[in-house]
Structure formats: structure tokens, C-alpha cells
file upload06.pdb (PDB, C-alpha atoms)
ATOM      1  CA  MET A 243      31.349 -14.443 -25.632  1.00  0.00           C
ATOM      2  CA  LYS A 244      28.073 -12.877 -26.618  1.00  0.00           C
ATOM      3  CA  LYS A 245      26.590 -13.838 -29.947  1.00  0.00           C
ATOM      4  CA  ARG A 246      25.737 -11.116 -32.416  1.00  0.00           C
ATOM      5  CA  PRO A 247      22.007 -10.873 -33.122  1.00  0.00           C
ATOM      6  CA  SER A 248      20.911 -12.254 -36.461  1.00  0.00           C
ATOM      7  CA  LEU A 249      19.663 -10.029 -39.248  1.00  0.00           C
ATOM      8  CA  TRP A 250      16.139 -11.391 -38.840  1.00  0.00           C
ATOM      9  CA  ALA A 251      16.141 -10.546 -35.128  1.00  0.00           C
ATOM     10  CA  VAL A 252      17.257  -6.977 -35.880  1.00  0.00           C
ATOM     11  CA  LEU A 253      14.600  -6.594 -38.578  1.00  0.00           C
ATOM     12  CA  ALA A 254      11.899  -7.996 -36.269  1.00  0.00           C
ATOM     13  CA  ALA A 255      12.923  -5.573 -33.495  1.00  0.00           C
ATOM     14  CA  ALA A 256      12.926  -2.645 -35.926  1.00  0.00           C
ATOM     15  CA  LEU A 257       9.493  -3.628 -37.233  1.00  0.00           C
ATOM     16  CA  LEU A 258       8.154  -3.908 -33.702  1.00  0.00           C
ATOM     17  CA  LEU A 259       9.478  -0.455 -32.797  1.00  0.00           C
ATOM     18  CA  LEU A 260       7.983   0.976 -35.982  1.00  0.00           C
ATOM     19  CA  VAL A 261       4.555  -0.479 -35.194  1.00  0.00           C
ATOM     20  CA  ILE A 262       4.672   0.742 -31.586  1.00  0.00           C
ATOM     21  CA  LEU A 263       6.215   4.176 -32.094  1.00  0.00           C
ATOM     22  CA  GLY A 264       4.706   4.946 -35.499  1.00  0.00           C
ATOM     23  CA  PRO A 265       1.272   6.079 -34.255  1.00  0.00           C
ATOM     24  CA  PHE A 266       2.894   8.104 -31.467  1.00  0.00           C
ATOM     25  CA  ALA A 267       5.182   9.905 -33.916  1.00  0.00           C
ATOM     26  CA  HIS A 268       2.175  10.534 -36.161  1.00  0.00           C
ATOM     27  CA  VAL A 269       0.277  12.168 -33.276  1.00  0.00           C
ATOM     28  CA  VAL A 270       3.279  14.348 -32.364  1.00  0.00           C
ATOM     29  CA  PHE A 271       3.635  15.486 -35.966  1.00  0.00           C
ATOM     30  CA  LEU A 272      -0.052  16.332 -36.440  1.00  0.00           C
ATOM     31  CA  SER A 273      -0.200  18.234 -33.148  1.00  0.00           C
ATOM     32  CA  PHE A 274       2.141  20.817 -34.696  1.00  0.00           C
ATOM     33  CA  VAL A 275       0.199  21.103 -37.952  1.00  0.00           C
ATOM     34  CA  GLY A 276      -2.259  23.946 -38.388  1.00  0.00           C
ATOM     35  CA  GLU A 277      -4.325  25.092 -41.307  1.00  0.00           C
ATOM     36  CA  GLY A 278      -2.646  25.081 -44.636  1.00  0.00           C
ATOM     37  CA  PRO A 279      -1.114  22.690 -43.520  1.00  0.00           C
ATOM     38  CA  SER A 280       1.715  24.583 -41.854  1.00  0.00           C
ATOM     39  CA  PHE A 281       3.662  24.524 -38.601  1.00  0.00           C
ATOM     40  CA  SER A 282       1.534  25.837 -35.741  1.00  0.00           C
ATOM     41  CA  LEU A 283       1.420  25.862 -31.929  1.00  0.00           C
ATOM     42  CA  GLN A 284      -2.274  26.724 -31.857  1.00  0.00           C
ATOM     43  CA  GLY A 285      -3.226  23.338 -30.381  1.00  0.00           C
ATOM     44  CA  TYR A 286      -0.834  23.725 -27.458  1.00  0.00           C
ATOM     45  CA  TYR A 287      -1.944  27.317 -26.950  1.00  0.00           C
ATOM     46  CA  SER A 288      -5.564  26.182 -26.761  1.00  0.00           C
ATOM     47  CA  VAL A 289      -4.736  23.517 -24.195  1.00  0.00           C
ATOM     48  CA  PHE A 290      -2.334  25.423 -21.939  1.00  0.00           C
ATOM     49  CA  LEU A 291      -3.430  29.056 -22.328  1.00  0.00           C
ATOM     50  CA  GLY A 292      -6.546  29.400 -24.444  1.00  0.00           C
ATOM     51  CA  SER A 293      -8.921  27.502 -22.161  1.00  0.00           C
ATOM     52  CA  SER A 294      -8.834  26.306 -18.563  1.00  0.00           C
ATOM     53  CA  ALA A 295     -11.073  23.310 -19.261  1.00  0.00           C
ATOM     54  CA  TYR A 296      -8.281  21.049 -20.459  1.00  0.00           C
ATOM     55  CA  LEU A 297      -5.840  21.706 -17.628  1.00  0.00           C
ATOM     56  CA  SER A 298      -8.550  21.638 -14.951  1.00  0.00           C
ATOM     57  CA  SER A 299      -9.582  18.178 -16.139  1.00  0.00           C
ATOM     58  CA  PHE A 300      -5.934  17.097 -16.126  1.00  0.00           C
ATOM     59  CA  TRP A 301      -5.226  18.275 -12.579  1.00  0.00           C
ATOM     60  CA  ARG A 302      -8.539  16.937 -11.270  1.00  0.00           C
ATOM     61  CA  THR A 303      -7.797  13.529 -12.757  1.00  0.00           C
ATOM     62  CA  LEU A 304      -4.226  13.556 -11.428  1.00  0.00           C
ATOM     63  CA  PHE A 305      -5.416  14.386  -7.904  1.00  0.00           C
ATOM     64  CA  LEU A 306      -8.062  11.677  -8.124  1.00  0.00           C
ATOM     65  CA  CYS A 307      -5.458   9.101  -9.183  1.00  0.00           C
ATOM     66  CA  VAL A 308      -3.093  10.124  -6.368  1.00  0.00           C
ATOM     67  CA  VAL A 309      -5.888   9.552  -3.837  1.00  0.00           C
ATOM     68  CA  MET A 310      -6.655   6.135  -5.344  1.00  0.00           C
ATOM     69  CA  VAL A 311      -3.002   5.098  -5.378  1.00  0.00           C
ATOM     70  CA  ALA A 312      -2.360   6.276  -1.809  1.00  0.00           C
ATOM     71  CA  GLY A 313      -5.410   4.445  -0.507  1.00  0.00           C
ATOM     72  CA  GLN A 314      -4.601   1.227  -2.349  1.00  0.00           C
ATOM     73  CA  VAL A 315      -0.945   1.273  -1.260  1.00  0.00           C
ATOM     74  CA  VAL A 316      -1.790   1.714   2.432  1.00  0.00           C
ATOM     75  CA  LEU A 317      -4.538  -0.904   2.370  1.00  0.00           C
ATOM     76  CA  SER A 318      -2.379  -3.342   0.385  1.00  0.00           C
ATOM     77  CA  ILE A 319       0.482  -3.026   2.857  1.00  0.00           C
ATOM     78  CA  PHE A 320      -1.701  -3.818   5.883  1.00  0.00           C
ATOM     79  CA  ALA A 321      -3.651  -6.571   4.113  1.00  0.00           C
ATOM     80  CA  GLY A 322      -0.453  -8.060   2.707  1.00  0.00           C
ATOM     81  CA  LEU A 323       1.059  -8.128   6.182  1.00  0.00           C
ATOM     82  CA  GLY A 324      -1.980  -9.998   7.489  1.00  0.00           C
ATOM     83  CA  PHE A 325      -1.880 -12.634   4.757  1.00  0.00           C
ATOM     84  CA  ALA A 326       1.903 -13.048   4.875  1.00  0.00           C
ATOM     85  CA  LYS A 327       2.748 -13.025   8.578  1.00  0.00           C
ATOM     86  CA  PHE A 328      -0.414 -13.846  10.561  1.00  0.00           C
ATOM     87  CA  PHE A 329      -2.623 -16.871  10.922  1.00  0.00           C
ATOM     88  CA  PHE A 330      -6.417 -16.603  11.007  1.00  0.00           C
ATOM     89  CA  PRO A 331      -9.200 -19.069  10.253  1.00  0.00           C
ATOM     90  CA  GLY A 332      -9.794 -19.578   6.544  1.00  0.00           C
ATOM     91  CA  LYS A 333      -6.641 -17.676   5.573  1.00  0.00           C
ATOM     92  CA  ASN A 334      -5.879 -19.812   2.514  1.00  0.00           C
ATOM     93  CA  LEU A 335      -9.515 -19.722   1.404  1.00  0.00           C
ATOM     94  CA  TRP A 336      -9.695 -15.933   1.656  1.00  0.00           C
ATOM     95  CA  PHE A 337      -6.451 -15.570  -0.264  1.00  0.00           C
ATOM     96  CA  PHE A 338      -7.764 -17.910  -2.964  1.00  0.00           C
ATOM     97  CA  LEU A 339     -10.954 -15.831  -3.223  1.00  0.00           C
ATOM     98  CA  LEU A 340      -8.764 -12.725  -3.509  1.00  0.00           C
ATOM     99  CA  LEU A 341      -7.010 -14.291  -6.497  1.00  0.00           C
ATOM    100  CA  VAL A 342     -10.358 -15.235  -8.043  1.00  0.00           C
ATOM    101  CA  VAL A 343     -11.614 -11.651  -7.771  1.00  0.00           C
ATOM    102  CA  MET A 344      -8.308 -10.382  -9.171  1.00  0.00           C
ATOM    103  CA  VAL A 345      -8.692 -12.340 -12.418  1.00  0.00           C
ATOM    104  CA  LEU A 346     -12.363 -11.507 -12.934  1.00  0.00           C
ATOM    105  CA  PRO A 347     -13.062  -9.201 -15.907  1.00  0.00           C
ATOM    106  CA  LEU A 348     -13.967  -5.660 -14.934  1.00  0.00           C
ATOM    107  CA  GLN A 349     -17.372  -5.971 -16.595  1.00  0.00           C
ATOM    108  CA  VAL A 350     -18.329  -8.742 -14.138  1.00  0.00           C
ATOM    109  CA  THR A 351     -17.897  -6.451 -11.134  1.00  0.00           C
ATOM    110  CA  LEU A 352     -19.502  -3.311 -12.596  1.00  0.00           C
ATOM    111  CA  VAL A 353     -23.088  -4.238 -11.709  1.00  0.00           C
ATOM    112  CA  PRO A 354     -22.367  -5.420  -8.125  1.00  0.00           C
ATOM    113  CA  ASN A 355     -20.266  -2.316  -7.516  1.00  0.00           C
ATOM    114  CA  PHE A 356     -23.004  -0.137  -8.998  1.00  0.00           C
ATOM    115  CA  ARG A 357     -25.563  -1.560  -6.573  1.00  0.00           C
ATOM    116  CA  ILE A 358     -23.235  -1.215  -3.580  1.00  0.00           C
ATOM    117  CA  LEU A 359     -22.263   2.349  -4.465  1.00  0.00           C
ATOM    118  CA  GLY A 360     -25.928   3.199  -4.975  1.00  0.00           C
ATOM    119  CA  GLY A 361     -26.727   1.842  -1.527  1.00  0.00           C
ATOM    120  CA  LEU A 362     -23.945   3.974  -0.050  1.00  0.00           C
ATOM    121  CA  GLY A 363     -25.170   7.083  -1.877  1.00  0.00           C
ATOM    122  CA  LEU A 364     -21.887   7.496  -3.758  1.00  0.00           C
ATOM    123  CA  LEU A 365     -23.144   7.338  -7.330  1.00  0.00           C
ATOM    124  CA  ASN A 366     -22.406  10.454  -9.415  1.00  0.00           C
ATOM    125  CA  THR A 367     -19.606  11.418  -6.993  1.00  0.00           C
ATOM    126  CA  GLN A 368     -15.858  11.026  -7.186  1.00  0.00           C
ATOM    127  CA  GLY A 369     -16.125   8.577  -4.295  1.00  0.00           C
ATOM    128  CA  SER A 370     -17.714   6.048  -6.649  1.00  0.00           C
ATOM    129  CA  LEU A 371     -14.380   5.899  -8.487  1.00  0.00           C
ATOM    130  CA  VAL A 372     -12.132   6.029  -5.432  1.00  0.00           C
ATOM    131  CA  LEU A 373     -13.737   3.353  -3.241  1.00  0.00           C
ATOM    132  CA  PRO A 374     -13.542   0.374  -5.663  1.00  0.00           C
ATOM    133  CA  ALA A 375     -10.025   1.398  -6.744  1.00  0.00           C
ATOM    134  CA  VAL A 376      -8.739   1.492  -3.161  1.00  0.00           C
ATOM    135  CA  PHE A 377      -9.932  -2.083  -2.570  1.00  0.00           C
ATOM    136  CA  ALA A 378      -8.495  -3.505  -5.809  1.00  0.00           C
ATOM    137  CA  PRO A 379      -6.929  -6.908  -5.006  1.00  0.00           C
ATOM    138  CA  LEU A 380      -3.761  -6.739  -7.119  1.00  0.00           C
ATOM    139  CA  GLY A 381      -1.856  -4.596  -4.624  1.00  0.00           C
ATOM    140  CA  THR A 382      -2.670  -6.949  -1.747  1.00  0.00           C
ATOM    141  CA  PHE A 383      -1.429  -9.924  -3.775  1.00  0.00           C
ATOM    142  CA  LEU A 384       1.871  -8.227  -4.643  1.00  0.00           C
ATOM    143  CA  MET A 385       2.543  -7.054  -1.077  1.00  0.00           C
ATOM    144  CA  THR A 386       1.667 -10.483   0.322  1.00  0.00           C
ATOM    145  CA  GLN A 387       4.258 -12.087  -1.950  1.00  0.00           C
ATOM    146  CA  CYS A 388       6.873  -9.476  -1.022  1.00  0.00           C
ATOM    147  CA  PHE A 389       6.316  -9.843   2.729  1.00  0.00           C
ATOM    148  CA  ARG A 390       6.440 -13.626   2.461  1.00  0.00           C
ATOM    149  CA  SER A 391       9.956 -13.360   1.059  1.00  0.00           C
ATOM    150  CA  ILE A 392      11.183 -11.637   4.251  1.00  0.00           C
ATOM    151  CA  PRO A 393      12.325 -14.104   6.963  1.00  0.00           C
ATOM    152  CA  ASP A 394      10.384 -14.065  10.226  1.00  0.00           C
ATOM    153  CA  GLU A 395      13.685 -13.839  12.119  1.00  0.00           C
ATOM    154  CA  ILE A 396      14.115 -10.234  10.967  1.00  0.00           C
ATOM    155  CA  ILE A 397      10.744  -9.298  12.441  1.00  0.00           C
ATOM    156  CA  GLU A 398      11.516 -11.116  15.682  1.00  0.00           C
ATOM    157  CA  ALA A 399      14.890  -9.372  15.959  1.00  0.00           C
ATOM    158  CA  ALA A 400      13.286  -5.970  15.483  1.00  0.00           C
ATOM    159  CA  GLN A 401      10.664  -6.737  18.125  1.00  0.00           C
ATOM    160  CA  LEU A 402      13.373  -7.853  20.567  1.00  0.00           C
ATOM    161  CA  ASP A 403      14.970  -4.434  20.067  1.00  0.00           C
ATOM    162  CA  GLY A 404      11.721  -2.869  21.267  1.00  0.00           C
ATOM    163  CA  ALA A 405      10.055  -2.055  17.947  1.00  0.00           C
ATOM    164  CA  THR A 406       6.277  -2.211  17.835  1.00  0.00           C
ATOM    165  CA  LEU A 407       4.431  -4.043  15.091  1.00  0.00           C
ATOM    166  CA  VAL A 408       3.699  -0.763  13.305  1.00  0.00           C
ATOM    167  CA  GLY A 409       7.347   0.227  13.674  1.00  0.00           C
ATOM    168  CA  VAL A 410       8.473  -3.113  12.224  1.00  0.00           C
ATOM    169  CA  LEU A 411       6.073  -2.659   9.319  1.00  0.00           C
ATOM    170  CA  TRP A 412       7.086   0.857   8.306  1.00  0.00           C
ATOM    171  CA  ARG A 413      10.782   0.745   9.275  1.00  0.00           C
ATOM    172  CA  VAL A 414      11.680  -2.795   8.253  1.00  0.00           C
ATOM    173  CA  LEU A 415       9.151  -4.557   6.021  1.00  0.00           C
ATOM    174  CA  VAL A 416       8.155  -1.667   3.773  1.00  0.00           C
ATOM    175  CA  PRO A 417      11.749  -0.517   3.039  1.00  0.00           C
ATOM    176  CA  MET A 418      12.738  -4.118   2.309  1.00  0.00           C
ATOM    177  CA  SER A 419       9.750  -4.434  -0.030  1.00  0.00           C
ATOM    178  CA  LYS A 420      10.289  -1.180  -1.924  1.00  0.00           C
ATOM    179  CA  ASN A 421      10.143  -2.971  -5.277  1.00  0.00           C
ATOM    180  CA  GLY A 422       6.721  -4.360  -4.442  1.00  0.00           C
ATOM    181  CA  VAL A 423       5.489  -0.975  -3.236  1.00  0.00           C
ATOM    182  CA  ALA A 424       6.764   0.671  -6.424  1.00  0.00           C
ATOM    183  CA  SER A 425       4.971  -1.980  -8.477  1.00  0.00           C
ATOM    184  CA  VAL A 426       1.716  -1.296  -6.641  1.00  0.00           C
ATOM    185  CA  VAL A 427       2.136   2.447  -7.152  1.00  0.00           C
ATOM    186  CA  LEU A 428       2.818   2.141 -10.868  1.00  0.00           C
ATOM    187  CA  LEU A 429       0.192  -0.491 -11.696  1.00  0.00           C
ATOM    188  CA  SER A 430      -2.541   1.121  -9.596  1.00  0.00           C
ATOM    189  CA  PHE A 431      -1.809   4.533 -11.115  1.00  0.00           C
ATOM    190  CA  LEU A 432      -1.997   3.143 -14.653  1.00  0.00           C
ATOM    191  CA  GLU A 433      -5.279   1.410 -13.827  1.00  0.00           C
ATOM    192  CA  ALA A 434      -6.740   4.588 -12.337  1.00  0.00           C
ATOM    193  CA  TRP A 435      -5.403   6.868 -15.081  1.00  0.00           C
ATOM    194  CA  ASN A 436      -6.826   4.710 -17.870  1.00  0.00           C
ATOM    195  CA  MET A 437     -10.236   3.880 -16.383  1.00  0.00           C
ATOM    196  CA  VAL A 438     -13.098   4.282 -18.845  1.00  0.00           C
ATOM    197  CA  GLU A 439     -15.966   1.935 -17.974  1.00  0.00           C
ATOM    198  CA  GLN A 440     -16.219   2.985 -14.325  1.00  0.00           C
ATOM    199  CA  PRO A 441     -16.750   6.735 -14.913  1.00  0.00           C
ATOM    200  CA  ILE A 442     -19.315   6.057 -17.641  1.00  0.00           C
ATOM    201  CA  ALA A 443     -21.196   3.624 -15.381  1.00  0.00           C
ATOM    202  CA  TYR A 444     -21.006   5.520 -12.074  1.00  0.00           C
ATOM    203  CA  LEU A 445     -21.076   9.191 -13.122  1.00  0.00           C
ATOM    204  CA  LYS A 446     -23.942  11.019 -14.801  1.00  0.00           C
ATOM    205  CA  ASP A 447     -22.459  14.509 -15.038  1.00  0.00           C
ATOM    206  CA  PRO A 448     -19.854  14.693 -17.848  1.00  0.00           C
ATOM    207  CA  ILE A 449     -18.074  17.521 -16.033  1.00  0.00           C
ATOM    208  CA  GLN A 450     -16.944  14.965 -13.429  1.00  0.00           C
ATOM    209  CA  TYR A 451     -15.433  12.609 -15.986  1.00  0.00           C
ATOM    210  CA  PRO A 452     -11.679  11.986 -15.661  1.00  0.00           C
ATOM    211  CA  LEU A 453      -9.360  12.817 -18.503  1.00  0.00           C
ATOM    212  CA  SER A 454      -9.496   9.289 -19.937  1.00  0.00           C
ATOM    213  CA  VAL A 455     -13.188   9.844 -20.753  1.00  0.00           C
ATOM    214  CA  SER A 456     -13.404  13.617 -21.165  1.00  0.00           C
ATOM    215  CA  LEU A 457     -10.689  13.416 -23.835  1.00  0.00           C
ATOM    216  CA  ALA A 458     -13.318  11.993 -26.185  1.00  0.00           C
ATOM    217  CA  TYR A 459     -15.355  15.187 -25.759  1.00  0.00           C
ATOM    218  CA  VAL A 460     -12.585  17.452 -27.018  1.00  0.00           C
ATOM    219  CA  GLY A 461     -13.988  18.872 -30.226  1.00  0.00           C
ATOM    220  CA  ALA A 462     -12.930  16.911 -33.283  1.00  0.00           C
ATOM    221  CA  GLN A 463     -13.074  20.167 -35.225  1.00  0.00           C
ATOM    222  CA  ASP A 464     -10.030  21.316 -33.245  1.00  0.00           C
ATOM    223  CA  ALA A 465      -7.742  18.420 -34.115  1.00  0.00           C
ATOM    224  CA  PRO A 466      -4.464  20.063 -32.968  1.00  0.00           C
ATOM    225  CA  ALA A 467      -5.934  20.733 -29.517  1.00  0.00           C
ATOM    226  CA  GLN A 468      -7.237  17.179 -29.330  1.00  0.00           C
ATOM    227  CA  LEU A 469      -3.826  15.756 -30.214  1.00  0.00           C
ATOM    228  CA  ALA A 470      -2.092  18.084 -27.753  1.00  0.00           C
ATOM    229  CA  CYS A 471      -4.425  16.731 -25.065  1.00  0.00           C
ATOM    230  CA  VAL A 472      -3.434  13.204 -26.071  1.00  0.00           C
ATOM    231  CA  LEU A 473       0.233  14.033 -25.515  1.00  0.00           C
ATOM    232  CA  LEU A 474      -0.600  15.724 -22.204  1.00  0.00           C
ATOM    233  CA  THR A 475      -2.408  12.564 -21.131  1.00  0.00           C
ATOM    234  CA  LEU A 476       0.682  10.480 -21.913  1.00  0.00           C
ATOM    235  CA  LEU A 477       3.031  12.473 -19.681  1.00  0.00           C
ATOM    236  CA  PRO A 478       2.209  11.174 -16.158  1.00  0.00           C
ATOM    237  CA  PRO A 479       2.249   7.431 -16.928  1.00  0.00           C
ATOM    238  CA  VAL A 480       5.380   7.728 -19.094  1.00  0.00           C
ATOM    239  CA  LEU A 481       7.275   9.706 -16.443  1.00  0.00           C
ATOM    240  CA  LEU A 482       6.134   7.324 -13.713  1.00  0.00           C
ATOM    241  CA  PHE A 483       7.171   4.295 -15.761  1.00  0.00           C
ATOM    242  CA  LEU A 484      10.602   5.764 -16.487  1.00  0.00           C
ATOM    243  CA  ARG A 485      11.066   6.314 -12.750  1.00  0.00           C
ATOM    244  CA  PHE A 486       9.879   2.897 -11.541  1.00  0.00           C
ATOM    245  CA  HIS A 487      10.354   0.484 -14.466  1.00  0.00           C
ATOM    246  CA  GLN A 488      13.253  -1.395 -12.844  1.00  0.00           C
ATOM    247  CA  GLU A 489      11.376  -1.749  -9.551  1.00  0.00           C
ATOM    248  CA  LEU A 490       8.326  -2.964 -11.487  1.00  0.00           C
ATOM    249  CA  VAL A 491      10.282  -5.753 -13.196  1.00  0.00           C
ATOM    250  CA  GLN A 492      11.928  -6.839  -9.941  1.00  0.00           C
ATOM    251  CA  GLY A 493       8.693  -6.674  -7.972  1.00  0.00           C
ATOM    252  CA  ILE A 494       6.753  -8.793 -10.482  1.00  0.00           C
ATOM    253  CA  ALA A 495       9.658 -11.262 -10.722  1.00  0.00           C
ATOM    254  CA  LEU A 496       9.616 -11.626  -6.939  1.00  0.00           C
ATOM    255  CA  ALA A 497       5.873 -12.208  -6.947  1.00  0.00           C
ATOM    256  CA  GLU A 498       6.266 -14.932  -9.579  1.00  0.00           C
ATOM    257  CA  VAL A 499       9.032 -16.685  -7.661  1.00  0.00           C
ATOM    258  CA  LYS A 500       7.102 -16.674  -4.392  1.00  0.00           C
ATOM    259  CA  GLY A 501       3.695 -17.324  -5.992  1.00  0.00           C
TER     260      GLY A 501
END
call {"tool": "encode", "arguments": {"input": "upload06.pdb", "output": "C-alpha cells"}}
result
Amino acid sequence: MKKRPSLWAVLAAALLLLVILGPFAHVVFLSFVGEGPSFSLQGYYSVFLGSSAYLSSFWRTLFLCVVMVAGQVVLSIFAGLGFAKFFFPGKNLWFFLLLVVMVLPLQVTLVPNFRILGGLGLLNTQGSLVLPAVFAPLGTFLMTQCFRSIPDEIIEAAQLDGATLVGVLWRVLVPMSKNGVASVVLLSFLEAWNMVEQPIAYLKDPIQYPLSVSLAYVGAQDAPAQLACVLLTLLPPVLLFLRFHQELVQGIALAEVKG
């Protein structure tokens, strides 16, 4: 028989929800307030119809994030397969170094990445944002843990049936690791969507800034438009989280168990 939650637990949960959702509700309310103050849709008109600058920045950022996520997912799957199912000299050392890089603060890697991107001639281009994001180590760690949880006998059985290694990967391992793949998709998208330091460090032209940075340049004198842009920025990560939140919890739980 389940115990009823105590009054203090209910009050603590209500307070937590108030603290979390209060600022969001405040933004939603102010986005519909015009001069007077009175109810107005002027902010949404400015964002969706009045000017193309807001939506162009949104779609450019969304496309950029999709490229980053796709690249990181593909690379993480192949690298995770190598760490989980193959032996090569120094495997444990390389995986340990991967974990070390994964826990390093972003600020530690900004200068080395800046020098490398400068040497490659990618500074002040969208490639300076894409390349480091594709090689982020978190996805490789998650896929390694997921592939390790799959018995080798399944791979051997598929190969006996005539499947190639690539066929085993995409028809067996990836479908069986869908929670891990969903976790990589969600976490890498959130990281790409919310990046701030990288665009400021690698890009000189403000017109190339993603929405996470260009949002600060929306005129403060047009507060309703600024708040409407804030709500527009929230849509992709919220929708993606609602779609993959169960897979995210299961994928992270699997990584913890196998870690």
C-alpha cells in the first residue's frame, strides 16, 4: 500500500514548481502586454511577420544544430562500437582520456580549439562551431556503455546469418541501443542550442551568431518582441525533451549501471 505524501513534501514540491515555472509564466504574460499596459500581439507580429531577422536566425540556428547532432550521433556510434566490441593497443588508456576530456570545463578547451580552428582556416565560419561539437566525447561514452550491454553472442549470430559488420551495426546494435541514441540526440542538441562561449570566441561577424547569442541583440526597447523571441527559443528543446524524456532517463540509467 502506497503511503500518502506528507504535507511538507507537498508544500516543498509546490514551492519548487513555483520557483521553476514562475519566471516562465512571467515571460509569457509580459509577451502579451503592449503599451498602456494592455493586451497586445505586437511582439509576436514583429517576430513572425514584421521582420525576417528573427525567423532567419531561428532557422539558421536550427539547421546548424541538426548538422551538429547528426555528425555527433554518427561519430559516436562508430567510436562507441570500437571501444565496446574491439580490442586495440591502449584501449583502456584512450577511453580514460576520453572521460578526462569529457569532464573538463568548456573554458579549458576554448583556447586549444581556437588555435586548431585558426590553423584549419575555419575561424569566423559556421564550421568553427560544427567541428568541435561533432567530436564532443559525451556521445561516444554513452554509446560505448550501450553497446557493452549487448551480448557478443547476438553479434556472432547475426554474422553467421551473413550480415556484414555494418549491417550488424545498423540493423542490430543501433536498434537495440535506441535509448542511448535518443540520449545522444537530446543532450547534443541541448548543448548545441544553448552554446554561448563558442560563437563569441570563434565568430567575429554578429550576423553569424546563433540564436542563443543573437537573442541578446534584440532591442531592449521592444520588450514584447524580445520576450516572444525567448518563447520561440524554448520551443525546440521543450518539444524534443517531451518526445525523448523517457529514452533519456533509461539511456543514462543504463550508462550508470554499465559504467
call {"tool": "closest_residue", "arguments": {"input": "upload06.pdb", "among": "A:Trp250, A:Phe337, A:Tyr451, A:Tyr459", "to": "Phe300 in chain A", "atoms": "all atoms listed in the file"}}
result
A:Tyr451
call {"tool": "residues_around", "arguments": {"input": "upload06.pdb", "residues": "range 315-318 of chain A", "least_positions_apart": "5", "cutoff": "7 Å", "atoms": "only C-alpha atoms", "output": "number ranges by chain"}}
result
A: 381-382, 385, 426-427
call {"tool": "closest_residue", "arguments": {"input": "upload06.pdb", "among": "A:Leu297, A:Gln387, A:Leu411, A:Tyr444", "to": "Ile358 in chain A", "atoms": "all atoms listed in the file"}}
result
A:Tyr444
call {"tool": "resolve_selection", "arguments": {"input": "upload06.pdb", "expression": "the PyMOL selection byres ((chain A and resi 471) around 12)", "output": "ChimeraX atom specification"}}
result
/A:269-270,273,285-290,295-300,453-462,464-470,472-477
call {"tool": "residues_near_point", "arguments": {"input": "upload06.pdb", "point": "(-7.4, -2.7, 3.5)", "cutoff": "12 Å", "atoms": "all atoms listed in the file", "output": "ChimeraX atom specification"}}
result
/A:312-325,373-383,385
call {"tool": "residues_around", "arguments": {"input": "upload06.pdb", "residues": "range 479-487 of chain A", "least_positions_apart": "2", "cutoff": "10 Å", "atoms": "only C-alpha atoms", "output": "number ranges by chain"}}
result
A: 421, 424-425, 427-429, 431-432, 435-436, 475-477, 489-493
call {"tool": "atom_distance", "arguments": {"input": "upload06.pdb", "atom1": "CA of Ala255 in chain A", "atom2": "CA of Glu433 in chain A"}}
result
27.7 Å
call {"tool": "closest_residue", "arguments": {"input": "upload06.pdb", "among": "A:Pro452, A:Gly369, A:Gly404, A:Gly361", "to": "Val438 in chain A", "atoms": "only C-alpha atoms"}}
result
A:Pro452
call {"tool": "atom_distance", "arguments": {"input": "upload06.pdb", "atom1": "CA of Phe329 in chain A", "atom2": "CA of Phe389 in chain A"}}
result
14.0 Å
call {"tool": "residues_around", "arguments": {"input": "upload06.pdb", "residues": "Leu352 in chain A", "least_positions_apart": "4", "cutoff": "12 Å", "atoms": "only C-alpha atoms", "output": "ChimeraX atom specification"}}
result
/A:346-348,356-360,370-371,374,438-444
call {"tool": "build_atoms", "arguments": {"input": "upload06.pdb", "residues": "range 439-443 of chain A", "atoms": "all heavy atoms", "output": "PDB file, keeping the file's coordinate frame"}}
result
ATOM      1  N   GLU A 439     -14.643   2.489 -18.252  1.00  0.00           N
ATOM      2  CA  GLU A 439     -15.966   1.935 -17.974  1.00  0.00           C
ATOM      3  C   GLU A 439     -16.547   2.453 -16.669  1.00  0.00           C
ATOM      4  O   GLU A 439     -17.742   2.760 -16.587  1.00  0.00           O
ATOM      5  CB  GLU A 439     -15.906   0.403 -17.936  1.00  0.00           C
ATOM      6  CG  GLU A 439     -15.614  -0.256 -19.270  1.00  0.00           C
ATOM      7  CD  GLU A 439     -14.133  -0.477 -19.475  1.00  0.00           C
ATOM      8  OE1 GLU A 439     -13.336   0.157 -18.754  1.00  0.00           O
ATOM      9  OE2 GLU A 439     -13.781  -1.279 -20.357  1.00  0.00           O
ATOM     10  N   GLN A 440     -15.704   2.572 -15.625  1.00  0.00           N
ATOM     11  CA  GLN A 440     -16.219   2.985 -14.325  1.00  0.00           C
ATOM     12  C   GLN A 440     -16.815   4.390 -14.334  1.00  0.00           C
ATOM     13  O   GLN A 440     -17.928   4.592 -13.832  1.00  0.00           O
ATOM     14  CB  GLN A 440     -15.116   2.889 -13.258  1.00  0.00           C
ATOM     15  CG  GLN A 440     -14.550   1.493 -13.076  1.00  0.00           C
ATOM     16  CD  GLN A 440     -13.286   1.277 -13.890  1.00  0.00           C
ATOM     17  OE1 GLN A 440     -13.214   1.673 -15.057  1.00  0.00           O
ATOM     18  NE2 GLN A 440     -12.284   0.643 -13.283  1.00  0.00           N
ATOM     19  N   PRO A 441     -16.129   5.403 -14.893  1.00  0.00           N
ATOM     20  CA  PRO A 441     -16.750   6.735 -14.913  1.00  0.00           C
ATOM     21  C   PRO A 441     -18.050   6.769 -15.706  1.00  0.00           C
ATOM     22  O   PRO A 441     -19.010   7.437 -15.306  1.00  0.00           O
ATOM     23  CB  PRO A 441     -15.674   7.609 -15.577  1.00  0.00           C
ATOM     24  CG  PRO A 441     -14.404   6.884 -15.358  1.00  0.00           C
ATOM     25  CD  PRO A 441     -14.743   5.436 -15.393  1.00  0.00           C
ATOM     26  N   ILE A 442     -18.091   6.065 -16.829  1.00  0.00           N
ATOM     27  CA  ILE A 442     -19.315   6.057 -17.641  1.00  0.00           C
ATOM     28  C   ILE A 442     -20.459   5.402 -16.877  1.00  0.00           C
ATOM     29  O   ILE A 442     -21.618   5.830 -16.981  1.00  0.00           O
ATOM     30  CB  ILE A 442     -19.052   5.345 -18.975  1.00  0.00           C
ATOM     31  CG1 ILE A 442     -18.040   6.139 -19.808  1.00  0.00           C
ATOM     32  CG2 ILE A 442     -20.348   5.155 -19.759  1.00  0.00           C
ATOM     33  CD1 ILE A 442     -17.645   5.469 -21.098  1.00  0.00           C
ATOM     34  N   ALA A 443     -20.154   4.357 -16.104  1.00  0.00           N
ATOM     35  CA  ALA A 443     -21.196   3.624 -15.381  1.00  0.00           C
ATOM     36  C   ALA A 443     -21.634   4.338 -14.111  1.00  0.00           C
ATOM     37  O   ALA A 443     -22.824   4.312 -13.757  1.00  0.00           O
ATOM     38  CB  ALA A 443     -20.703   2.216 -15.043  1.00  0.00           C
TER      39      ALA A 443
END
